[in-house]
Structure formats: C-alpha cells, structure tokens
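Student: I am sharing final-v9.tsv, which consists of TSV, N, CA and C atoms:
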chain	number	residue	atom	x	y	z
N	18	MET	N	15.42	-78.35	-52.22
N	18	MET	CA	15.29	-76.96	-52.60
N	18	MET	C	13.95	-76.40	-52.13
N	19	MET	N	12.89	-77.20	-52.27
N	19	MET	CA	11.58	-76.72	-51.83
N	19	MET	C	11.54	-76.55	-50.32
N	20	LEU	N	12.28	-77.39	-49.60
N	20	LEU	CA	12.35	-77.27	-48.15
N	20	LEU	C	12.99	-75.95	-47.76
N	21	LEU	N	14.06	-75.59	-48.43
N	21	LEU	CA	14.72	-74.31	-48.17
N	21	LEU	C	13.78	-73.14	-48.49
N	22	TYR	N	13.08	-73.23	-49.62
N	22	TYR	CA	12.15	-72.18	-50.01
N	22	TYR	C	11.03	-72.04	-48.97
N	23	GLY	N	10.49	-73.16	-48.52
N	23	GLY	CA	9.44	-73.11	-47.50
N	23	GLY	C	9.95	-72.54	-46.19
N	24	PHE	N	11.17	-72.90	-45.84
N	24	PHE	CA	11.77	-72.37	-44.61
N	24	PHE	C	11.95	-70.86	-44.70
N	25	LEU	N	12.46	-70.37	-45.83
N	25	LEU	CA	12.64	-68.92	-45.99
N	25	LEU	C	11.31	-68.18	-46.02
N	26	ARG	N	10.30	-68.76	-46.65
N	26	ARG	CA	8.97	-68.14	-46.66
N	26	ARG	C	8.39	-68.08	-45.25
N	27	GLY	N	8.61	-69.12	-44.47
N	27	GLY	CA	8.13	-69.13	-43.09
N	27	GLY	C	8.79	-68.06	-42.25
N	28	ILE	N	10.10	-67.93	-42.41
N	28	ILE	CA	10.83	-66.89	-41.67
N	28	ILE	C	10.34	-65.50	-42.08
N	29	SER	N	10.15	-65.28	-43.38
N	29	SER	CA	9.70	-63.96	-43.83
N	29	SER	C	8.29	-63.67	-43.32
N	30	ALA	N	7.43	-64.68	-43.24
N	30	ALA	CA	6.08	-64.48	-42.71
N	30	ALA	C	6.13	-64.12	-41.23
N	31	ILE	N	6.99	-64.79	-40.49
N	31	ILE	CA	7.13	-64.49	-39.06
N	31	ILE	C	7.67	-63.08	-38.87
N	32	LEU	N	8.66	-62.70	-39.63
N	32	LEU	CA	9.22	-61.35	-39.51
N	32	LEU	C	8.19	-60.28	-39.87
N	33	ARG	N	7.36	-60.56	-40.88
N	33	ARG	CA	6.31	-59.61	-41.26
N	33	ARG	C	5.30	-59.46	-40.13
N	34	ARG	N	4.91	-60.56	-39.49
N	34	ARG	CA	3.97	-60.48	-38.36
N	34	ARG	C	4.56	-59.70	-37.20
N	35	VAL	N	5.83	-59.90	-36.92
N	35	VAL	CA	6.49	-59.17	-35.83
N	35	VAL	C	6.52	-57.68	-36.15
N	36	ALA	N	6.82	-57.33	-37.39
N	36	ALA	CA	6.86	-55.92	-37.79
N	36	ALA	C	5.48	-55.29	-37.68
N	37	GLU	N	4.43	-56.01	-38.10
N	37	GLU	CA	3.07	-55.49	-37.97
N	37	GLU	C	2.69	-55.30	-36.51
N	38	TRP	N	3.08	-56.24	-35.66
N	38	TRP	CA	2.78	-56.14	-34.23
N	38	TRP	C	3.48	-54.93	-33.61
N	39	LYS	N	4.76	-54.75	-33.93
N	39	LYS	CA	5.49	-53.60	-33.39
N	39	LYS	C	4.91	-52.28	-33.91
N	40	HIS	N	4.52	-52.27	-35.18
N	40	HIS	CA	3.92	-51.07	-35.75
N	40	HIS	C	2.62	-50.72	-35.03
N	41	GLY	N	1.80	-51.71	-34.75
N	41	GLY	CA	0.55	-51.47	-34.03
N	41	GLY	C	0.79	-50.94	-32.63
N	42	ARG	N	1.77	-51.50	-31.95
N	42	ARG	CA	2.08	-51.02	-30.59
N	42	ARG	C	2.57	-49.58	-30.61
N	43	MET	N	3.44	-49.26	-31.56
N	43	MET	CA	3.97	-47.90	-31.65
N	43	MET	C	2.87	-46.91	-32.04
N	44	ARG	N	1.97	-47.33	-32.92
N	44	ARG	CA	0.86	-46.45	-33.31
N	44	ARG	C	-0.03	-46.15	-32.11
N	45	ASN	N	-0.32	-47.17	-31.29
N	45	ASN	CA	-1.14	-46.96	-30.11
N	45	ASN	C	-0.45	-46.04	-29.11
N	46	ALA	N	0.86	-46.23	-28.93
N	46	ALA	CA	1.61	-45.36	-28.02
N	46	ALA	C	1.60	-43.92	-28.52
N	47	TYR	N	1.76	-43.73	-29.82
N	47	TYR	CA	1.74	-42.39	-30.39
N	47	TYR	C	0.37	-41.75	-30.21
N	48	GLU	N	-0.69	-42.50	-30.42
N	48	GLU	CA	-2.03	-41.95	-30.27
N	48	GLU	C	-2.30	-41.55	-28.83
N	49	CYS	N	-1.85	-42.35	-27.88
N	49	CYS	CA	-2.02	-41.99	-26.46
N	49	CYS	C	-1.25	-40.72	-26.13
N	50	ALA	N	-0.02	-40.63	-26.61
N	50	ALA	CA	0.79	-39.44	-26.36
N	50	ALA	C	0.17	-38.22	-27.03
N	51	GLU	N	-0.40	-38.40	-28.20
N	51	GLU	CA	-1.02	-37.28	-28.92
N	51	GLU	C	-2.24	-36.77	-28.16
N	52	THR	N	-3.08	-37.66	-27.64
N	52	THR	CA	-4.25	-37.21	-26.89
N	52	THR	C	-3.85	-36.55	-25.58
N	53	ALA	N	-2.83	-37.10	-24.92
N	53	ALA	CA	-2.36	-36.49	-23.67
N	53	ALA	C	-1.80	-35.10	-23.93
N	54	PHE	N	-1.05	-34.94	-25.00
N	54	PHE	CA	-0.50	-33.63	-25.33
N	54	PHE	C	-1.61	-32.66	-25.70
N	55	GLY	N	-2.61	-33.13	-26.44
N	55	GLY	CA	-3.73	-32.26	-26.80
N	55	GLY	C	-4.48	-31.76	-25.59
N	56	GLU	N	-4.68	-32.65	-24.62
N	56	GLU	CA	-5.36	-32.23	-23.39
N	56	GLU	C	-4.52	-31.25	-22.60
N	57	LEU	N	-3.23	-31.50	-22.51
N	57	LEU	CA	-2.33	-30.60	-21.79
N	57	LEU	C	-2.25	-29.25	-22.48
N	58	GLU	N	-2.16	-29.26	-23.80
N	58	GLU	CA	-2.08	-28.03	-24.55
N	58	GLU	C	-3.34	-27.19	-24.38
N	59	SER	N	-4.50	-27.83	-24.43
N	59	SER	CA	-5.74	-27.07	-24.31
N	59	SER	C	-5.92	-26.54	-22.88
N	60	SER	N	-5.40	-27.23	-21.88
N	60	SER	CA	-5.53	-26.74	-20.50
N	60	SER	C	-4.57	-25.58	-20.23
N	61	CYS	N	-3.48	-25.48	-20.99
N	61	CYS	CA	-2.50	-24.43	-20.77
N	61	CYS	C	-2.82	-23.14	-21.52
N	62	LYS	N	-3.67	-23.23	-22.52
N	62	LYS	CA	-3.99	-22.04	-23.32
N	62	LYS	C	-4.85	-21.06	-22.51
N	63	ALA	N	-4.63	-19.79	-22.77
N	63	ALA	CA	-5.43	-18.77	-22.12
N	63	ALA	C	-6.82	-18.76	-22.71
N	64	GLU	N	-7.79	-18.54	-21.87
N	64	GLU	CA	-9.17	-18.55	-22.35
N	64	GLU	C	-9.69	-17.19	-22.67
When written as structure tokens, how does the structure in this file appear?
Tutor:
Amino acid sequence: MMLLYGFLRGISAILRRVAEWKHGRMRNAYECAETAFGELESSCKAE
C-alpha cells in the first residue's frame, strides 16, 4: 500500500512540475507579446 501511495505522490509531483513549467513558458510568451503590442501601439498613435 505504501508503494502505491509513493508511486501516486511521485506522479502528482511530476505533473505539478510540468504544469509549473508550462505556466512559466506561457507567461513569458504573453509578456513578449504584450511588449511587442505596446511598442506597435505606441508607434501607430498620432503624435
């Protein structure tokens, strides 16, 4: 029983790490897109 519990805890830890990694990648992509849009928006505005 403890072996099964340890196995399930290991899987959940791995899945949590994968989710954190994907979240970090998506956050970085969003930040890059946000800065690019901000630069484009400010260059298109009339002065």
Student: Once 8 Å is added on each side, what centre and edge lengths in Å to one decimal does the axis-aligned box around all listed atoms of region 42-49 of chain N have, as AutoDock Vina command-line options?
Tutor:
--center_x 0.8 --center_y -46.1 --center_z -29.7 --size_x 22.3 --size_y 26.8 --size_z 23.2
Student: What does the distance between atom C of Met19 (chain N) and atom N of Ala36 (chain N) come to in Å, to one decimal place?
Tutor: 23.6 Å
Student: One decimal, Å: what's the distance from CA of Glu37 (chain N) over to atom C of Ala53 (chain N), could you say?
Tutor: 25.2 Å
Student: Quick one: pull the distance between CA of Arg42 (chain N) and CA of Ser29 (chain N), Å, one decimal.
Tutor: 20.0 Å
